[in-house]
Amino acid sequence: MQKFTQKIVQLMKDEKLFESQGGPIILSQIENEYEPESKAFGASGYAYMTWAAKMAVGMGTGVPWVMCKEQDAPDPVINTCNGFYCDYFSPNRVYKPTLWTEAWTGWFTEFGGPVYQRPVEDLAFAVAGFIQKGGSFVNYYMYHGGTNFGRTAGGPFITTSYDYDAPIDEYGLIRQPKYGHLKELHKAVKLCEPALLNADPTVTSLGSYGQAHVFSFKSGVCAAFLSNYNTKSAATVTFNNMNFHLPPWSISILPDCKNVVFNTARVGVQTSQTQLLHTNSELRSWEMFNEDISSVAGDTTITVIGLLDQLNITRDSSDYLWYTTSINISPSESFLHGGQHPSLTVQSAGDAIHVFINDQLSGSAYGTREYRRFTFTGNVNLHAGLNKISLLSIAVGLANNGPHFEMRSTGVLGPVVLHGLDQGKRDLSWQKWSYKVGLKGEDMNLGALHSISEVDWMKGSLVAHKQQPLTWYKASFDAPKGDDPLALDMGSMGKGQVWINGQSIGRYWTTYATGNCSECAYSGTYRPKKCQFGCQHPTQQWYHVPRSFLKSSNNLLVVFEEIGGDVSRIGLVKKSVTSVCAEVSESHPHFRNWQTESHGQLEEQNKPEISLHCTEGHSISAIKFSSFGTPSGSCGTFQHGDCHAPNSNAVLEKECIGKQKCSVTISNTNFGKDPCPSKLKKLSVEAVCAPI
C-alpha cells in the first residue's frame, strides 16, 4: 500500500501537479469508503486506517488529505461525505471544512437490471441544500460517464457501460438538461460567493416545510436560499416582505436576498434527444472458429477429487473455467427403454454456467448481482456406457465492495447431483474432476491482431451457425466518416466478449432488464429504484467503440459468442443528438438575468430567453414544434394549448434555421400581439439537428 501510494504521489510531484507546486490538485484522498470494512475488522481495521492516514500525510504533498465515509479519520486528515445527499453531514472537528467528495449523479447498471437515472431537479436540490447548510466543496461522481473496457467491470454483474446518467455521457456527449441545469446552479452559487465566504447561515422558518438560509455580511452583502421540502405541494412564502413561489422539493437562490436567479426545480435549459443511427460501415468477410469441446478433458490443467473454487484456479486470468467429469450408465437403466430422462442439478456460487453433456449444450443458468448463488436444473441426454459432463463456469467480474474477498466463492462448488436413475440419485460432487482454465481461442489469443493468421478460420453460412455455442467470429470494416461517437449494436447476440483491432471492447450480454419502469418523479428522496428505465429490453445493447481504436479502413472485429447469435445483424452505429427542446416561461429565473460587475455589485437584465444548441458539425434544420402561449406536454410530446401565438414557428425559423445555436427572448414584442394578456405564458420549442 505504501509503495503504491508513494509511486502515485511521486508521479504527481514529477509533473508539478499539486497546488503547492503551482498545479491544479487541491486535495488528495487516501482509501475509499473504508469505514464499513474497518468496523468488520475491528481493532486491526482501525489500526490500518490510522496507519494509512499517517502514511499519506507523511508524503508531503502540500495539500490536504481526505478520507471519505470515515467518521473517525484522524487529524489532519479531513473526513468527507459520499452519497445522494450530504446536507446532514458535519466533519468530525469544527475546524475542518465540510466536503462532499462524491455527489452521485446517477447509479451504475447491472446485467439483468434496468438503467437508473437521477432527475437533475433533485440533484440540483441536493447540491443547493448542501451549500445552504455551509458546505464548502462538491465533487460529482460521475461527471463524465465511462466504459469498462476489457474485463475491468466488477460487481460482479456490472455492465460494460458505466454511463451513470452523468452530465457528460459515456460517449463524451453533453447530456441535457442535466449538464446545463447544473451549470446554471454553479453560476448562481458563484453570484453568492461574497456572502458565502464571509458569513455563516442564519436559518429561519418559512412555514411547515420551508426554510430560509441567509448569509449576511456587515458591508450589506447578502445571499439567501429559500427551500420548500414539501414533496407534493408548491408554496408561496414571504421573505424580506416579498412573496416567492417555490415549487415542490425545490430551493430558490437569491444572490442579493431580493431577486431569484435560480430554482432547482425550474429547468430552463434545453433537453437533447439522442439516437443511435446505423452507419454505412459494412461488416464484411465473416469467418468463424469453433471451440473444440471434445478436447477439453485432454487439455486439463489439474485433476482432483471434488470441486474447487474457480478464482483459486484461474487467478482471474480468464472468465472461464471448465469442470469435467464422467459417469457410467448401465444399459439396463429404465430411461434407456422409454422411461423419463434423468435430470441434473448443479449448484453454483456464481456467476454463470453452461452445461454440456457429451459435448452438446444441455442448458445454461445465471446468477444476479443480488443473488450470485444459483442452481441449474435440466433434463440430460445420456446413453449407455461412459458419458462426459462438462460444466463451463463463467465469472462476470470480480467483487468490488465489502470485506473479506478471500472468503468469497465463485464457480461450481456443488452439490452436482444426477436424479432419476433406477437407484435414485447419484451425487457427483466427490468424483474425480478435471479442470481447464480458459478457452482454446483465449490460449491462441484470438482477440489480438497478430494471432488471427495462425488459426484455420472457416467460411460458411452464418445462418446455419447462428445458434452454435462457443464460437469465435471475425470480420473487417472501414471506419465511418465524421466525428460522431460510435458503438456496436449487439442486440442480435447472446453473451460473450468482443475486440476491435486487438482492443477489448468488453463483455457483452443482451439479457433483458427486469424492474419497475412505471414512473419517475423528481420530488422526494431519491433512491435508484425510484427512476428505472429500459425494462423488457436488453440492459445493454450498444457497446462504445472509441474512434481512437480505429484505422480509416480494414479494421478487425472479433466476437466470441457463448450461447448463439446472429452475427450478420451486428451493426456499427453512431450516437447523435437529433433534436433539441426547450421550455421557458415569462417568469423564469436564471443566471442570464444577472451579471457580476468587477466591483462585486449585481446588475439586473431583463427578460428570460430560450436557447437551442446542436452539437459541433450539426445545425438546426427544422422547427418541429413551437408555441408561445400555454402549450402542454414535454420534449417529443408538445401540444398547443388554448393560447398560442400564430407566428411562433416563423419567429423560431427566422432566428434558428441553419445555425448551430440560437437564442430567442421570451417577450410579447418578439411574437407580436399578446395571445392571452391575462395568462402567464411560456415558449416551448422542439428543433431538429442535422449534419452540416
# chains A, B, ... in the order shown; residues from 1 in each chain; ligands from 1

call {"tool": "residues_around", "arguments": {"residues": "range 247-264 of chain A", "least_positions_apart": "2", "cutoff": "7 Å", "atoms": "only C-alpha atoms", "output": "short mmCIF file (atom, residue, chain, number, x, y, z; two decimals) with N, CA and C atoms, in the first residue's frame"}}
result
data_model
loop_
_atom_site.label_atom_id
_atom_site.label_comp_id
_atom_site.auth_asym_id
_atom_site.auth_seq_id
_atom_site.Cartn_x
_atom_site.Cartn_y
_atom_site.Cartn_z
N GLU A 121 -33.41 17.93 -11.40
CA GLU A 121 -34.06 18.79 -10.42
C GLU A 121 -33.70 18.35 -8.99
N ALA A 124 -29.80 18.98 -8.33
CA ALA A 124 -29.58 20.39 -8.04
C ALA A 124 -30.10 20.75 -6.65
N PHE A 125 -31.25 20.17 -6.28
CA PHE A 125 -31.82 20.39 -4.95
C PHE A 125 -30.85 19.92 -3.87
N ALA A 128 -27.73 22.35 -3.83
CA ALA A 128 -28.10 23.63 -3.23
C ALA A 128 -28.35 23.48 -1.73
N LEU A 185 -26.85 26.29 -11.94
CA LEU A 185 -26.75 26.23 -10.47
C LEU A 185 -25.39 26.76 -10.02
N ALA A 188 -25.20 30.42 -10.30
CA ALA A 188 -26.00 31.08 -9.26
C ALA A 188 -25.26 31.08 -7.93
N LEU A 191 -22.56 33.68 -7.94
CA LEU A 191 -23.05 35.03 -7.68
C LEU A 191 -23.16 35.30 -6.18
N CYS A 192 -23.33 34.22 -5.41
CA CYS A 192 -23.47 34.36 -3.95
C CYS A 192 -22.12 34.35 -3.23
N CYS A 222 -25.44 40.18 0.94
CA CYS A 222 -26.46 39.25 1.44
C CYS A 222 -26.83 38.26 0.34
N ALA A 223 -26.98 37.01 0.72
CA ALA A 223 -27.48 35.97 -0.19
C ALA A 223 -28.41 35.07 0.59
N ALA A 224 -29.43 34.55 -0.10
CA ALA A 224 -30.42 33.72 0.58
C ALA A 224 -30.76 32.50 -0.25
N PHE A 225 -31.05 31.40 0.44
CA PHE A 225 -31.54 30.17 -0.15
C PHE A 225 -32.90 29.88 0.48
N LEU A 226 -33.95 29.89 -0.32
CA LEU A 226 -35.31 29.63 0.16
C LEU A 226 -35.72 28.23 -0.26
N SER A 227 -36.08 27.38 0.70
CA SER A 227 -36.33 25.96 0.40
C SER A 227 -37.76 25.56 0.74
N ASN A 228 -38.28 24.64 -0.07
CA ASN A 228 -39.59 24.03 0.17
C ASN A 228 -39.39 22.51 0.14
N TYR A 229 -39.51 21.86 1.29
CA TYR A 229 -39.27 20.42 1.40
C TYR A 229 -40.54 19.60 1.19
N ASN A 230 -41.66 20.25 0.93
CA ASN A 230 -42.89 19.52 0.64
C ASN A 230 -42.72 18.80 -0.71
N THR A 231 -43.00 17.49 -0.74
CA THR A 231 -42.77 16.72 -1.97
C THR A 231 -43.93 16.81 -2.95
N LYS A 232 -45.06 17.36 -2.53
CA LYS A 232 -46.24 17.36 -3.40
C LYS A 232 -46.77 18.75 -3.72
N SER A 233 -46.61 19.69 -2.82
CA SER A 233 -47.28 20.98 -2.99
C SER A 233 -46.28 22.12 -3.12
N ALA A 234 -46.58 23.04 -4.03
CA ALA A 234 -45.82 24.28 -4.12
C ALA A 234 -46.18 25.16 -2.94
N ALA A 235 -45.34 26.16 -2.70
CA ALA A 235 -45.59 27.06 -1.57
C ALA A 235 -45.30 28.49 -2.00
N HIS A 245 -42.62 32.24 -4.97
CA HIS A 245 -43.25 30.96 -5.29
C HIS A 245 -42.18 29.88 -5.35
N ARG A 266 -36.99 24.36 -11.56
CA ARG A 266 -37.42 25.03 -12.79
C ARG A 266 -36.28 24.98 -13.80
N SER A 523 -39.46 14.83 -7.23
CA SER A 523 -39.63 15.27 -5.85
C SER A 523 -39.57 14.08 -4.89
N GLY A 524 -39.04 14.33 -3.72
CA GLY A 524 -38.90 13.28 -2.71
C GLY A 524 -37.52 12.66 -2.75
N PRO A 589 -36.64 32.38 -13.73
CA PRO A 589 -35.40 32.99 -13.23
C PRO A 589 -34.19 32.18 -13.68
N HIS A 590 -33.15 32.85 -14.08
CA HIS A 590 -31.91 32.13 -14.34
C HIS A 590 -30.76 33.12 -14.39
N PHE A 591 -29.56 32.59 -14.42
CA PHE A 591 -28.38 33.43 -14.23
C PHE A 591 -28.19 34.46 -15.33
N ASN A 593 -30.10 36.58 -16.19
CA ASN A 593 -30.72 37.83 -15.77
C ASN A 593 -29.74 38.72 -14.99
#

call {"tool": "select_by_dssp", "arguments": {"residues": "range 384-493 of chain A", "states": "strand (DSSP E or B)", "output": "JSON, numbers by chain"}}
result
{"A": [385, 386, 387, 388, 389, 390, 391, 392, 393, 394, 399, 412, 413, 414, 415, 416, 417, 418, 419, 420, 421, 424, 425, 426, 427, 432, 433, 434, 435, 436, 437, 458, 471, 472, 473, 474, 475, 476, 477, 486, 487, 488, 489]}

call {"tool": "select_by_dssp", "arguments": {"residues": "range 104-286 of chain A", "states": "alpha helix (DSSP H)", "output": "ChimeraX atom specification"}}
result
/A:120-132,178-191,193-196

call {"tool": "residues_around", "arguments": {"residues": "range 610-626 of chain A", "least_positions_apart": "3", "cutoff": "6 Å", "atoms": "only C-alpha atoms", "output": "list in words"}}
result
Ser648, Asn649, Ile657, Gly658, Lys659, Gln660, Lys661, Cys662, Ser663, Val664, Ser684, Val685, Glu686, Ala687, Val688, Cys689, Ala690, Pro691 and Ile692 of chain A

call {"tool": "closest_residue", "arguments": {"among": "A:Gly268, A:Gly378, A:Gly150, A:Gly338", "to": "Val355 in chain A", "atoms": "only C-alpha atoms"}}
result
A:Gly378

call {"tool": "residues_around", "arguments": {"residues": "range 20-36 of chain A", "least_positions_apart": "6", "cutoff": "9 Å", "atoms": "only C-alpha atoms", "output": "list in words"}}
result
Thr5, Met12, Lys13, Gly45, Tyr46, Met49, Ala52, Ala53, Ala56, Thr61, Gly62, Val63, Pro64, Trp65, Val66, Met67, Cys68, Lys69, Glu70, Gln71, Asp72, Asn82, Gly402 and Pro403 of chain A

call {"tool": "write_last_selection", "arguments": {"atoms": "C-alpha atoms", "output": "CSV table (one decimal), in the first residue's frame"}}
result
chain,number,residue,atom,x,y,z
A,5,THR,CA,0.9,5.5,-2.7
A,12,MET,CA,2.2,13.8,-9.5
A,13,LYS,CA,5.2,15.6,-8.0
A,45,GLY,CA,-9.2,-2.3,10.8
A,46,TYR,CA,-8.9,0.9,12.9
A,49,MET,CA,-6.9,3.2,8.8
A,52,ALA,CA,-2.8,4.8,6.2
A,53,ALA,CA,-3.7,8.3,7.2
A,56,ALA,CA,-0.4,9.6,3.4
A,61,THR,CA,2.1,16.8,-0.9
A,62,GLY,CA,1.5,20.3,0.4
A,63,VAL,CA,-2.3,19.8,0.0
A,64,PRO,CA,-4.9,18.4,2.5
A,65,TRP,CA,-5.6,14.7,2.6
A,66,VAL,CA,-9.2,13.4,2.9
A,67,MET,CA,-10.9,10.1,3.8
A,68,CYS,CA,-14.5,9.7,2.5
A,69,LYS,CA,-17.0,7.9,4.7
A,70,GLU,CA,-14.5,7.6,7.5
A,71,GLN,CA,-16.1,9.4,10.5
A,72,ASP,CA,-13.1,8.8,12.8
A,82,ASN,CA,-20.3,10.5,-0.2
A,402,GLY,CA,-17.0,-5.2,1.2
A,403,PRO,CA,-14.6,-7.0,3.4

call {"tool": "residues_around", "arguments": {"residues": "range 8-10 of chain A", "least_positions_apart": "5", "cutoff": "10 Å", "atoms": "only C-alpha atoms", "output": "PyMOL selection string"}}
result
chain A and resi 3+15-18+28+56+59-61

call {"tool": "write_last_selection", "arguments": {"atoms": "N, CA and C atoms", "output": "tab-separated table (two decimals), in the first residue's frame"}}
result
chain	number	residue	atom	x	y	z
A	3	LYS	N	4.04	1.50	-0.99
A	3	LYS	CA	4.76	1.59	-2.25
A	3	LYS	C	3.87	2.16	-3.35
A	15	GLU	N	5.44	15.93	-12.16
A	15	GLU	CA	4.78	16.81	-13.14
A	15	GLU	C	4.34	18.13	-12.53
A	16	LYS	N	4.70	18.34	-11.24
A	16	LYS	CA	4.34	19.57	-10.52
A	16	LYS	C	2.83	19.83	-10.57
A	17	LEU	N	2.09	18.82	-10.20
A	17	LEU	CA	0.63	18.90	-10.32
A	17	LEU	C	-0.07	19.31	-9.02
A	18	PHE	N	0.60	19.24	-7.87
A	18	PHE	CA	-0.05	19.66	-6.63
A	18	PHE	C	-0.10	21.18	-6.55
A	28	SER	N	-6.01	15.47	-1.89
A	28	SER	CA	-5.65	14.08	-2.16
A	28	SER	C	-6.49	13.19	-1.25
A	56	ALA	N	-0.03	8.65	4.50
A	56	ALA	CA	-0.35	9.59	3.43
A	56	ALA	C	0.13	11.00	3.76
A	59	MET	N	3.67	11.93	3.09
A	59	MET	CA	4.14	12.05	1.71
A	59	MET	C	4.50	13.49	1.33
A	60	GLY	N	4.05	14.46	2.14
A	60	GLY	CA	4.43	15.85	1.91
A	60	GLY	C	3.94	16.43	0.60
A	61	THR	N	2.64	16.27	0.31
A	61	THR	CA	2.09	16.79	-0.95
A	61	THR	C	1.85	18.29	-0.89

call {"tool": "atom_distance", "arguments": {"atom1": "CA of Val437 in chain A", "atom2": "CA of Leu344 in chain A"}}
result
23.2 Å

call {"tool": "atom_distance", "arguments": {"atom1": "CA of Ser343 in chain A", "atom2": "CA of Phe560 in chain A"}}
result
29.1 Å

call {"tool": "closest_residue", "arguments": {"among": "A:Tyr371, A:Cys581, A:Gly58, A:Phe89", "to": "Pro76 in chain A", "atoms": "only C-alpha atoms"}}
result
A:Gly58

call {"tool": "residues_around", "arguments": {"residues": "range 381-391 of chain A", "least_positions_apart": "4", "cutoff": "8 Å", "atoms": "only C-alpha atoms", "output": "number ranges by chain"}}
result
A: 322-331, 336, 341-342, 353-359, 362

call {"tool": "residues_around", "arguments": {"residues": "range 541-548 of chain A", "least_positions_apart": "4", "cutoff": "6 Å", "atoms": "only C-alpha atoms", "output": "ChimeraX atom specification"}}
result
/A:486-491
